[in-house]
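Asker: Next comes data-v1.txt, compact mmCIF, C-alpha atoms and all ligand atoms:
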```txt
# COMPACT_ATOMS: atom_id res chain seq x y z
CA MET G 1 103.24 100.17 119.73
CA GLN G 2 106.48 98.74 121.06
CA LEU G 3 107.48 96.06 118.55
CA TRP G 4 110.79 94.96 119.92
CA PRO G 5 112.90 95.70 123.00
CA GLU G 6 114.74 99.01 122.73
CA PRO G 7 118.42 98.47 122.00
CA VAL G 8 120.56 99.05 125.07
CA THR G 9 123.52 100.03 122.91
CA THR G 10 123.70 102.64 120.17
CA GLY G 11 125.63 100.55 117.64
CA SER G 12 129.02 98.97 117.25
CA GLY G 13 132.00 101.24 117.80
CA HIS G 14 129.90 104.01 119.38
CA SER G 15 128.38 102.22 122.33
CA PRO G 16 128.42 104.10 125.60
CA PHE G 17 127.98 100.73 127.34
CA PRO G 18 130.70 98.29 128.31
CA GLY G 19 131.10 95.10 126.30
CA PHE G 20 129.34 92.87 128.83
CA LEU G 21 126.10 94.88 128.32
CA ARG G 22 126.27 94.38 124.57
CA THR G 23 126.75 90.66 125.16
CA PHE G 24 123.82 90.71 127.63
CA ARG G 25 121.59 92.27 124.99
CA ARG G 26 122.60 89.71 122.38
CA TYR G 27 121.62 86.86 124.71
CA THR G 28 118.40 88.38 126.10
CA MET G 29 116.80 89.46 122.80
CA PRO G 30 114.67 86.68 121.36
CA ALA G 31 115.86 85.39 117.98
CA PRO G 32 113.76 86.60 115.05
CA LEU G 33 110.75 84.40 114.39
CA ARG G 34 111.11 82.37 111.19
CA VAL G 35 108.16 83.01 108.88
CA GLY G 36 107.04 81.20 105.72
CA VAL G 37 104.51 82.57 103.23
CA ILE G 38 102.25 80.21 101.28
CA GLY G 39 100.83 81.69 98.06
CA LEU G 40 102.69 84.53 96.40
CA GLY G 41 99.90 86.50 94.75
CA TRP G 42 98.88 90.03 95.78
CA ALA G 43 98.31 89.23 99.45
CA GLY G 44 101.28 86.85 99.80
CA THR G 45 103.61 89.41 98.24
CA VAL G 46 102.50 92.08 100.73
CA HIS G 47 102.96 89.62 103.62
CA ALA G 48 106.43 88.62 102.39
CA ARG G 49 107.50 92.26 102.06
CA THR G 50 106.05 93.13 105.48
CA VAL G 51 107.84 90.23 107.18
CA ARG G 52 111.15 91.16 105.54
CA GLU G 53 110.83 94.76 106.69
CA MET G 54 109.89 94.03 110.31
CA GLU G 55 112.36 93.72 113.12
CA GLY G 56 112.06 90.46 114.99
CA LEU G 57 110.79 88.50 111.99
CA ALA G 58 112.75 86.68 109.29
CA LEU G 59 111.27 85.50 106.01
CA ILE G 60 112.74 82.02 105.53
CA GLY G 61 110.91 80.93 102.39
CA VAL G 62 107.79 81.03 100.24
CA ALA G 63 105.70 78.28 98.60
CA ASP G 64 103.65 78.59 95.43
CA PRO G 65 102.82 75.96 92.78
CA SER G 66 103.25 78.54 90.00
CA PRO G 67 106.81 78.71 88.57
CA GLN G 68 106.19 82.32 87.46
CA ARG G 69 105.20 83.36 90.97
CA ARG G 70 108.20 81.52 92.44
CA ALA G 71 110.46 83.39 90.01
CA SER G 72 109.26 86.65 91.58
CA ALA G 73 110.21 85.52 95.11
CA PRO G 74 112.16 88.14 97.05
CA GLY G 75 115.59 86.46 97.42
CA VAL G 76 114.53 83.57 99.66
CA PRO G 77 114.00 79.87 98.91
CA ALA G 78 110.92 79.63 96.66
CA LEU G 79 109.39 76.16 96.91
CA ALA G 80 106.64 74.39 95.01
CA THR G 81 104.92 72.75 98.00
CA VAL G 82 103.91 73.41 101.57
CA GLU G 83 105.77 70.24 102.66
CA GLU G 84 109.08 71.62 101.35
CA LEU G 85 108.46 74.91 103.13
CA MET G 86 107.78 73.11 106.41
CA GLU G 87 111.11 71.31 106.13
CA LEU G 88 112.73 74.73 106.66
CA GLY G 89 111.22 74.78 110.17
CA PRO G 90 109.07 77.94 110.20
CA ASP G 91 107.87 79.35 113.54
CA TYR G 92 104.68 80.37 111.77
CA CYS G 93 103.25 80.46 108.25
CA VAL G 94 100.95 82.84 106.40
CA VAL G 95 98.30 81.14 104.24
CA ALA G 96 97.71 83.48 101.28
CA ALA G 97 96.66 80.86 98.72
CA PRO G 98 93.25 81.29 97.01
CA THR G 99 90.37 80.85 99.47
CA ARG G 100 89.38 77.39 98.16
CA HIS G 101 92.81 76.08 99.32
CA HIS G 102 92.74 77.56 102.85
CA GLU G 103 91.22 74.48 104.45
CA GLU G 104 93.64 71.96 102.93
CA VAL G 105 96.73 74.11 103.64
CA GLY G 106 95.53 75.15 107.11
CA LEU G 107 94.86 71.52 108.13
CA GLN G 108 98.38 70.58 106.98
CA LEU G 109 99.81 73.28 109.25
CA ALA G 110 97.65 72.30 112.24
CA GLN G 111 98.67 68.65 111.87
CA ALA G 112 102.34 69.68 111.77
CA HIS G 113 101.80 71.98 114.82
CA VAL G 114 102.88 75.04 112.85
CA PRO G 115 101.10 78.29 113.94
CA ALA G 116 99.20 79.95 111.09
CA LEU G 117 97.96 83.35 110.01
CA ILE G 118 95.26 82.42 107.49
CA GLU G 119 94.04 85.09 105.10
CA LYS G 120 90.38 86.04 105.08
CA PRO G 121 87.95 84.46 104.38
CA LEU G 122 89.02 81.70 106.75
CA ALA G 123 87.56 79.13 104.34
CA HIS G 124 85.26 78.77 101.35
CA ASP G 125 82.29 77.68 103.50
CA LEU G 126 81.27 77.35 107.15
CA PRO G 127 81.83 73.56 107.57
CA ALA G 128 85.39 73.99 106.24
CA ALA G 129 85.95 76.98 108.55
CA MET G 130 84.76 74.93 111.54
CA ARG G 131 87.08 72.05 110.61
CA LEU G 132 89.95 74.54 110.77
CA VAL G 133 88.74 75.92 114.13
CA GLU G 134 88.59 72.40 115.57
CA ALA G 135 91.92 71.28 114.12
CA PHE G 136 93.83 74.25 115.61
CA GLU G 137 91.96 74.11 118.93
CA GLU G 138 92.62 70.36 119.29
CA ALA G 139 96.29 70.78 118.36
CA GLY G 140 96.61 73.73 120.77
CA VAL G 141 98.43 75.71 118.09
CA ILE G 142 98.34 79.53 117.73
CA SER G 143 96.21 80.63 114.79
CA ALA G 144 94.65 83.79 113.43
CA VAL G 145 92.63 85.09 110.50
CA GLY G 146 93.90 87.95 108.34
CA HIS G 147 91.01 90.36 108.87
CA THR G 148 93.40 93.19 108.08
CA GLU G 149 90.72 95.88 108.19
CA ARG G 150 90.64 95.64 111.99
CA HIS G 151 94.18 97.01 111.90
CA ASN G 152 93.34 100.02 109.73
CA PRO G 153 94.25 103.08 111.83
CA ALA G 154 90.88 104.82 111.23
CA VAL G 155 88.94 101.70 112.16
CA ARG G 156 91.06 101.13 115.27
CA GLU G 157 90.50 104.72 116.36
CA LEU G 158 86.76 104.36 115.80
CA ARG G 159 86.71 101.29 118.03
CA ARG G 160 88.84 103.01 120.66
CA LEU G 161 86.38 105.93 120.77
CA LEU G 162 83.38 103.62 121.03
CA ARG G 163 85.04 101.69 123.87
CA GLU G 164 86.67 104.47 125.84
CA GLU G 165 84.37 107.49 125.35
CA ASP G 166 80.79 107.59 126.49
CA PHE G 167 78.74 107.53 123.29
CA GLY G 168 75.73 105.74 124.77
CA PRO G 169 73.96 103.00 122.85
CA ILE G 170 74.88 102.31 119.21
CA TYR G 171 71.69 102.69 117.17
CA GLN G 172 72.90 101.92 113.67
CA ILE G 173 76.01 101.17 111.59
CA ALA G 174 76.37 101.65 107.83
CA THR G 175 79.41 100.38 105.93
CA ARG G 176 80.35 101.18 102.33
CA ARG G 177 83.14 99.36 100.51
CA GLN G 178 83.41 99.78 96.79
CA GLY G 179 85.98 100.22 94.04
CA PRO G 180 87.23 99.00 90.69
CA PHE G 181 87.18 95.39 89.55
CA PRO G 182 90.08 93.27 90.93
CA ALA G 183 91.76 91.05 88.33
CA ARG G 184 93.22 88.83 91.06
CA ILE G 185 90.29 87.16 92.87
CA GLN G 186 88.88 84.35 90.72
CA ASP G 187 87.30 81.90 93.13
CA VAL G 188 84.81 83.96 95.20
CA GLY G 189 82.34 86.79 94.62
CA VAL G 190 82.29 90.24 96.21
CA VAL G 191 80.46 89.01 99.32
CA ARG G 192 83.17 86.53 100.34
CA ASP G 193 85.95 88.86 99.20
CA LEU G 194 84.81 92.27 100.50
CA ALA G 195 81.59 92.06 102.53
CA ILE G 196 83.37 89.68 104.92
CA HIS G 197 85.52 92.60 106.10
CA ASP G 198 82.35 94.46 107.10
CA THR G 199 80.53 91.56 108.75
CA ASP G 200 83.68 91.14 110.86
CA LEU G 201 84.01 94.87 111.62
CA ILE G 202 80.33 95.25 112.55
CA THR G 203 80.67 92.57 115.24
CA TRP G 204 84.12 93.77 116.38
CA LEU G 205 83.02 97.41 116.72
CA THR G 206 79.79 96.64 118.57
CA GLY G 207 80.92 93.60 120.57
CA ASP G 208 77.64 92.06 119.41
CA THR G 209 76.71 89.24 117.03
CA ILE G 210 74.77 89.36 113.76
CA ALA G 211 71.49 87.57 114.45
CA GLN G 212 69.61 87.97 111.17
CA VAL G 213 70.39 89.04 107.60
CA SER G 214 68.28 90.13 104.63
CA ALA G 215 70.20 90.76 101.43
CA ASN G 216 70.19 91.16 97.68
CA VAL G 217 73.06 90.65 95.28
CA SER G 218 73.53 91.20 91.58
CA ALA G 219 76.04 90.20 88.92
CA VAL G 220 77.12 92.34 86.01
CA SER G 221 80.54 90.95 85.05
CA GLY G 222 79.35 87.60 83.72
CA ARG G 223 81.97 85.84 85.84
CA GLY G 224 79.49 83.58 87.60
CA THR G 225 79.66 85.20 91.03
CA GLU G 226 77.98 88.31 92.49
CA ASP G 227 79.57 91.73 91.91
CA LEU G 228 77.31 93.93 94.09
CA ALA G 229 75.55 93.28 97.39
CA THR G 230 73.38 95.19 99.83
CA ALA G 231 72.55 93.64 103.19
CA LEU G 232 70.53 94.61 106.25
CA CYS G 233 71.70 92.98 109.47
CA ALA G 234 69.90 92.86 112.81
CA LEU G 235 72.31 92.47 115.71
CA ALA G 236 71.40 90.39 118.75
CA ARG G 237 71.09 93.44 121.06
CA GLY G 238 69.01 95.48 118.60
CA THR G 239 71.54 97.56 116.63
CA LEU G 240 70.77 97.79 112.91
CA ALA G 241 73.55 97.51 110.34
CA THR G 242 73.58 97.94 106.59
CA LEU G 243 76.41 97.09 104.31
CA ASP G 244 76.96 98.00 100.67
CA VAL G 245 79.76 96.43 98.66
CA ASN G 246 80.67 96.32 95.01
CA TRP G 247 83.73 96.02 92.79
CA VAL G 248 82.25 97.75 89.75
CA SER G 249 82.82 101.39 90.68
CA PRO G 250 85.59 103.75 89.50
CA ARG G 251 85.15 105.47 92.89
CA LYS G 252 86.96 103.77 95.76
CA GLU G 253 85.21 104.06 99.10
CA ARG G 254 85.89 102.50 102.50
CA GLN G 255 83.64 104.12 105.07
CA ILE G 256 81.93 103.18 108.30
CA THR G 257 79.24 105.41 109.85
CA VAL G 258 78.13 104.74 113.42
CA HIS G 259 75.05 106.47 114.84
CA THR G 260 75.02 106.62 118.63
CA GLU G 261 73.06 108.46 121.28
CA ARG G 262 75.81 111.09 121.64
CA GLY G 263 76.45 111.68 117.96
CA CYS G 264 77.61 110.21 114.71
CA LEU G 265 81.12 108.89 114.01
CA VAL G 266 82.48 108.37 110.50
CA ALA G 267 85.70 106.40 109.93
CA ASP G 268 87.23 106.77 106.50
CA ALA G 269 89.83 104.07 105.95
CA LEU G 270 91.13 105.69 102.76
CA THR G 271 91.80 109.16 104.16
CA GLY G 272 92.75 107.72 107.56
CA THR G 273 90.40 110.06 109.41
CA VAL G 274 87.62 109.85 111.96
CA THR G 275 84.95 112.56 111.96
CA HIS G 276 82.79 113.14 114.99
CA TYR G 277 79.43 114.89 114.54
CA LEU G 278 78.60 115.79 118.12
CA ASN G 279 75.01 115.64 119.24
CA GLY G 280 74.09 119.15 120.41
CA ALA G 281 71.98 120.30 123.34
CA GLN G 282 68.34 119.41 122.93
CA SER G 283 66.37 122.43 121.72
CA ASP G 284 63.00 120.89 120.99
CA THR G 285 61.87 118.67 123.85
CA SER G 286 58.63 117.83 122.05
CA VAL G 287 60.48 115.32 119.84
CA THR G 288 62.00 113.36 122.73
CA THR G 289 60.15 110.43 124.19
CA GLY G 290 61.11 107.89 126.81
CA SER G 291 64.86 107.63 127.24
CA PHE G 292 65.67 109.07 123.77
CA PRO G 293 67.41 112.39 124.43
CA GLY G 294 66.84 113.79 120.93
CA SER G 295 69.45 114.99 118.47
CA SER G 296 70.57 118.23 116.90
CA PRO G 297 73.64 119.26 114.90
CA SER G 298 76.56 120.64 116.86
CA LEU G 299 80.36 120.58 116.53
CA VAL G 300 82.00 118.57 113.75
CA ILE G 301 85.57 117.45 114.46
CA THR G 302 87.77 115.55 112.00
CA TYR G 303 91.06 114.18 113.14
CA PRO G 304 93.71 111.93 111.61
CA ALA G 305 94.12 108.41 112.89
CA GLN G 306 97.68 107.19 113.24
CA GLY G 307 99.24 103.78 113.48
CA GLU G 308 101.20 101.12 111.69
CA LEU G 309 100.18 99.81 108.30
CA PRO G 310 97.51 97.10 108.71
CA PHE G 311 99.71 94.18 107.55
CA THR G 312 102.52 95.31 109.88
CA ALA G 313 100.10 95.53 112.81
CA GLU G 314 98.81 92.06 111.99
CA HIS G 315 102.29 90.49 112.06
CA CYS G 316 103.10 92.47 115.19
CA ALA G 317 100.05 90.86 116.86
CA MET G 318 101.11 87.45 115.62
CA ARG G 319 104.63 87.90 116.93
CA ASN G 320 103.53 89.27 120.29
CA THR G 321 101.20 86.30 120.76
CA MET G 322 103.98 83.87 119.82
CA LEU G 323 106.22 85.55 122.42
CA GLY G 324 103.52 85.23 125.09
CA ARG G 325 102.56 88.92 125.14
CA VAL G 326 99.16 90.53 124.54
CA GLY G 327 98.49 89.88 120.87
CA GLY G 328 95.16 91.15 119.52
CA LEU G 329 94.78 88.40 116.95
CA VAL G 330 91.49 87.64 115.18
CA THR G 331 90.59 84.12 116.32
CA LEU G 332 89.55 81.36 113.95
CA ARG G 333 86.14 81.30 115.67
CA GLU G 334 85.71 84.99 114.85
CA GLY G 335 86.80 84.20 111.29
CA ALA G 336 84.20 81.41 111.15
CA ALA G 337 81.51 83.84 112.41
CA ALA G 338 82.38 86.20 109.54
CA VAL G 339 82.08 83.28 107.10
CA ALA G 340 78.67 82.39 108.61
CA ALA G 341 77.45 85.97 108.09
CA THR G 342 78.56 86.01 104.44
CA GLU G 343 76.86 82.66 103.86
CA ALA G 344 73.67 84.12 105.34
CA ILE G 345 73.93 87.11 102.95
CA LEU G 346 74.22 84.76 99.96
CA ALA G 347 71.43 82.48 101.24
CA SER G 348 69.08 85.43 101.80
CA ALA G 349 69.81 86.74 98.31
CA ARG G 350 69.13 83.28 96.86
CA THR G 351 65.91 82.57 98.76
CA GLY G 352 64.51 86.08 99.12
CA ALA G 353 63.97 85.44 102.85
CA PRO G 354 65.69 86.74 106.00
CA ILE G 355 68.23 84.25 107.35
CA THR G 356 68.79 83.68 111.07
CA ILE G 357 72.39 83.02 112.09
CA SER G 358 73.49 80.88 114.99
CA THR G 359 76.95 81.91 116.15
CA PRO G 360 79.49 79.17 115.36
N1 LIG G 401 93.49 90.81 104.04
C1 LIG G 401 93.32 91.43 102.91
O1 LIG G 401 93.11 92.64 102.89
C2 LIG G 401 93.42 90.65 101.63
C3 LIG G 401 93.67 91.29 100.42
C4 LIG G 401 93.76 90.54 99.27
C5 LIG G 401 93.58 89.15 99.32
N2 LIG G 401 93.32 88.55 100.50
C6 LIG G 401 93.12 87.09 100.58
O2 LIG G 401 94.36 86.44 100.28
C7 LIG G 401 94.12 85.24 99.55
C8 LIG G 401 94.90 85.31 98.24
O3 LIG G 401 94.42 86.41 97.49
P1 LIG G 401 95.32 87.06 96.33
O4 LIG G 401 94.60 88.27 95.90
O5 LIG G 401 96.72 87.19 96.77
O6 LIG G 401 95.18 85.92 95.21
P2 LIG G 401 96.12 85.67 93.96
O7 LIG G 401 95.30 84.86 93.01
O8 LIG G 401 96.75 86.94 93.51
O9 LIG G 401 97.33 84.75 94.52
C9 LIG G 401 97.15 83.45 95.02
C10 LIG G 401 98.50 82.73 94.89
O10 LIG G 401 98.40 81.45 95.51
C11 LIG G 401 99.01 80.47 94.67
N3 LIG G 401 98.44 79.16 94.97
C12 LIG G 401 97.44 78.51 94.35
N4 LIG G 401 97.22 77.33 94.97
C13 LIG G 401 98.10 77.24 95.98
C14 LIG G 401 98.37 76.25 96.95
N5 LIG G 401 97.64 75.13 97.03
N6 LIG G 401 99.34 76.49 97.85
C15 LIG G 401 100.06 77.62 97.79
N7 LIG G 401 99.84 78.59 96.88
C16 LIG G 401 98.87 78.40 95.98
C17 LIG G 401 98.75 80.96 93.26
O11 LIG G 401 99.69 80.40 92.34
C18 LIG G 401 98.91 82.46 93.43
O12 LIG G 401 100.26 82.86 93.25
C19 LIG G 401 92.60 85.15 99.37
O13 LIG G 401 92.06 84.31 100.35
C20 LIG G 401 92.12 86.58 99.56
O14 LIG G 401 90.79 86.66 100.04
C21 LIG G 401 93.25 89.26 101.65
```
Before anything else, please render the file you have as structure tokens.
Ligand SMILES: NC(=O)c1ccc[n+]([C@@H]2O[C@H](COP(=O)([O-])OP(=O)(O)OC[C@H]3O[C@@H](n4cnc5c(N)ncnc54)[C@H](O)[C@@H]3O)[C@@H](O)[C@H]2O)c1
Answerer:
Amino acid sequence: MQLWPEPVTTGSGHSPFPGFLRTFRRYTMPAPLRVGVIGLGWAGTVHARTVREMEGLALIGVADPSPQRRASAPGVPALATVEELMELGPDYCVVAAPTRHHEEVGLQLAQAHVPALIEKPLAHDLPAAMRLVEAFEEAGVISAVGHTERHNPAVRELRRLLREEDFGPIYQIATRRQGPFPARIQDVGVVRDLAIHDTDLITWLTGDTIAQVSANVSAVSGRGTEDLATALCALARGTLATLDVNWVSPRKERQITVHTERGCLVADALTGTVTHYLNGAQSDTSVTTGSFPGSSPSLVITYPAQGELPFTAEHCAMRNTMLGRVGGLVTLREGAAAVAATEAILASARTGAPITISTP
């Protein structure tokens, strides 16, 4: 993806272009966007590093109430409050504070008309997420949710294939996301931390909405929130989806399997590959009924997916949107829909009943 206009000169002292062209370039290139990062934990640190490394963005400061975290700030003003950071005049801010603070910090930004990239989950519950949606919509301020997994090269390639190639109807999706226990997240369980990636991806990949959820969760860490979850989702147009998440496994796994009429696609976000199990010619017509063409094993093709790192792609989308180009941001409404789906998973696990979701 083109991130920034190509330089029209090759560098000072060696330019093949006359001086007036160098001057022209200086005045036609937009100034770097000034970015502030709020919360300097794992996610905030990755955002800060990404912003510093990207052309066209400048990290102007960070805010974190913890003196220890501020001491680790990467050579920019490290402030204790969001108000102090806003005095520096950021063009946009990243909200990477713990989830329970997203609403309060996000509303501050909306009121100050500062565009925001708010980490996932958008908020700790659906009413808070909707207050953020309304605040940014009413203020007419650019906003996005950090559903970084949409920017994973393997996931992007999977979506491209589903959109651009003719795979026929999507019958079923299965997502698996598991790995070791994270020391960092303290305020939410595995459903709000990890399953939210998959509820978002399921809707993004299919272009459909999750209509109903049945789920079970369990806790083994004694931390007061769930550590494992399995959910069955029925999508509005009939596709079935299952998602398995946990943070108790020594084996890391990030996989999405999509069963379609023309074959099965597997995106592996860790290896950065997409494998296509082509549906072969039908040999036994006795098993086909109605419009179902049958299935049989055929070619298996695995290919690497390429692209920028997810956090880079996310800031690229933010910057392009700010500059009035095509962005590809995850909207706050989409973020709220992902929150609604995770709430339905937790409610189903609590009540033992399927939960119907109305799209926010
Ligand atoms: N997109 C992703 O892949 C991804 C990955 C990890 C975390 N996250 C999200 O990022 C957020 C932060 O997660 P983390 O793992 O970095 O947490 P963390 O606990 O490591 O860091 C949170 C930081 O925020 C600071 N903080 C606390 N209250 C604050 C406030 N009111 N204002 C500003 N800063 C405050 C804390 O001092 C801490 O330094 C969470 O919402 C999490 O879900 C997203």
Asker: Calculated over only C-alpha atoms and all ligand atoms, which of the candidates G:Ile196, G:Ala63, G:Ile256, G:Cys316 has the smallest distance to ligand LIG 401 (chain G)?
Answerer: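 Selected residue with least distance to ligand LIG 401 (chain G): G:Ala63.
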Asker: Show me the residues close to (111.6, 90.1, 107.0) - anything with an atom within 12 Å, counting all atoms listed in the file - and format the list as a list of chain:residue names.
Answerer: G:Pro32, G:Leu33, G:Arg34, G:Val35, G:Gly36, G:Val37, G:Thr45, G:Val46, G:His47, G:Ala48, G:Arg49, G:Thr50, G:Val51, G:Arg52, G:Glu53, G:Met54, G:Glu55, G:Gly56, G:Leu57, G:Ala58, G:Leu59, G:Ile60, G:Gly61, G:Val62, G:Pro74, G:Gly75, G:Val76, G:Thr312, G:His315
Asker: Between G:Glu137, G:Asp244, G:Glu308, G:Glu314, single out the one closest to ligand LIG 401 (chain G), counting all atoms listed in the file.
Answerer: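 Looking at the shortest contact to ligand LIG 401 (chain G), the residue is G:Glu314.
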Asker: Just how far from CA of Val258 (chain G) is CA of Asn279 (chain G), in Å to one decimal?
Answerer: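 Atom-to-atom, CA of Asn279 (chain G) to CA of Val258 (chain G), that is 12.7 Å.
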Asker: Record the distance separating CA of Pro67 (chain G) and CA of Trp42 (chain G), expressed in Å with one decimal.
Answerer: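 Taking CA of Pro67 (chain G) as the start and CA of Trp42 (chain G) as the end point, the length is 15.6 Å.
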Asker: Which residue out of G:Met130, G:Val213, G:Leu194, G:Cys93 has the minimum interatomic distance to ligand LIG 401 (chain G) when only C-alpha atoms and all ligand atoms are used?
Answerer: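 Of the candidates, the smallest distance to ligand LIG 401 (chain G) is held by G:Leu194.
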Asker: Kindly compile the residues surrounding ligand LIG 401 (chain G) within 7 Å, counting all atoms listed in the file, and format them as number ranges by chain.
Answerer: G: 38-44, 63-66, 69, 81-82, 96-99, 101, 105, 119-121, 146-149, 184-186, 193
Asker: Using the atoms already present, construct N, CA, C and O atoms for region 171-184 of chain G and hand them back as a PDB file, in the coordinates of the input.
Answerer:
```pdb
ATOM      1  N   TYR G 171      72.988 102.924 117.812  1.00  0.00           N
ATOM      2  CA  TYR G 171      71.690 102.690 117.170  1.00  0.00           C
ATOM      3  C   TYR G 171      71.846 101.945 115.847  1.00  0.00           C
ATOM      4  O   TYR G 171      71.084 101.048 115.517  1.00  0.00           O
ATOM      5  N   GLN G 172      72.839 102.403 115.063  1.00  0.00           N
ATOM      6  CA  GLN G 172      72.900 101.920 113.670  1.00  0.00           C
ATOM      7  C   GLN G 172      74.331 102.038 113.137  1.00  0.00           C
ATOM      8  O   GLN G 172      75.047 102.975 113.490  1.00  0.00           O
ATOM      9  N   ILE G 173      74.715 101.100 112.268  1.00  0.00           N
ATOM     10  CA  ILE G 173      76.010 101.170 111.590  1.00  0.00           C
ATOM     11  C   ILE G 173      75.771 101.001 110.091  1.00  0.00           C
ATOM     12  O   ILE G 173      74.967 100.150 109.685  1.00  0.00           O
ATOM     13  N   ALA G 174      76.453 101.808 109.289  1.00  0.00           N
ATOM     14  CA  ALA G 174      76.370 101.650 107.830  1.00  0.00           C
ATOM     15  C   ALA G 174      77.785 101.562 107.272  1.00  0.00           C
ATOM     16  O   ALA G 174      78.620 102.415 107.564  1.00  0.00           O
ATOM     17  N   THR G 175      78.068 100.508 106.522  1.00  0.00           N
ATOM     18  CA  THR G 175      79.410 100.380 105.930  1.00  0.00           C
ATOM     19  C   THR G 175      79.305 100.451 104.410  1.00  0.00           C
ATOM     20  O   THR G 175      78.342  99.957 103.816  1.00  0.00           O
ATOM     21  N   ARG G 176      80.297 101.093 103.801  1.00  0.00           N
ATOM     22  CA  ARG G 176      80.350 101.180 102.330  1.00  0.00           C
ATOM     23  C   ARG G 176      81.756 100.806 101.887  1.00  0.00           C
ATOM     24  O   ARG G 176      82.743 101.377 102.359  1.00  0.00           O
ATOM     25  N   ARG G 177      81.840  99.839 100.993  1.00  0.00           N
ATOM     26  CA  ARG G 177      83.140  99.360 100.510  1.00  0.00           C
ATOM     27  C   ARG G 177      82.981  99.105  99.012  1.00  0.00           C
ATOM     28  O   ARG G 177      82.291  98.172  98.608  1.00  0.00           O
ATOM     29  N   GLN G 178      83.566  99.940  98.237  1.00  0.00           N
ATOM     30  CA  GLN G 178      83.410  99.780  96.790  1.00  0.00           C
ATOM     31  C   GLN G 178      84.672 100.236  96.078  1.00  0.00           C
ATOM     32  O   GLN G 178      85.514 100.926  96.663  1.00  0.00           O
ATOM     33  N   GLY G 179      84.801  99.821  94.813  1.00  0.00           N
ATOM     34  CA  GLY G 179      85.980 100.220  94.040  1.00  0.00           C
ATOM     35  C   GLY G 179      86.017  99.487  92.721  1.00  0.00           C
ATOM     36  O   GLY G 179      85.070  98.785  92.352  1.00  0.00           O
ATOM     37  N   PRO G 180      87.115  99.626  92.002  1.00  0.00           N
ATOM     38  CA  PRO G 180      87.230  99.000  90.690  1.00  0.00           C
ATOM     39  C   PRO G 180      87.379  97.486  90.767  1.00  0.00           C
ATOM     40  O   PRO G 180      87.747  96.934  91.809  1.00  0.00           O
ATOM     41  N   PHE G 181      87.153  96.847  89.648  1.00  0.00           N
ATOM     42  CA  PHE G 181      87.180  95.390  89.550  1.00  0.00           C
ATOM     43  C   PHE G 181      88.579  94.839  89.802  1.00  0.00           C
ATOM     44  O   PHE G 181      89.537  95.275  89.176  1.00  0.00           O
ATOM     45  N   PRO G 182      88.743  93.846  90.705  1.00  0.00           N
ATOM     46  CA  PRO G 182      90.080  93.270  90.930  1.00  0.00           C
ATOM     47  C   PRO G 182      90.331  92.121  89.954  1.00  0.00           C
ATOM     48  O   PRO G 182      89.520  91.219  89.834  1.00  0.00           O
ATOM     49  N   ALA G 183      91.462  92.140  89.266  1.00  0.00           N
ATOM     50  CA  ALA G 183      91.760  91.050  88.330  1.00  0.00           C
ATOM     51  C   ALA G 183      92.106  89.781  89.088  1.00  0.00           C
ATOM     52  O   ALA G 183      91.911  88.680  88.624  1.00  0.00           O
ATOM     53  N   ARG G 184      92.611  89.954  90.350  1.00  0.00           N
ATOM     54  CA  ARG G 184      93.220  88.830  91.060  1.00  0.00           C
ATOM     55  C   ARG G 184      92.215  87.763  91.523  1.00  0.00           C
ATOM     56  O   ARG G 184      92.393  86.587  91.242  1.00  0.00           O
TER      57      ARG G 184
END
```
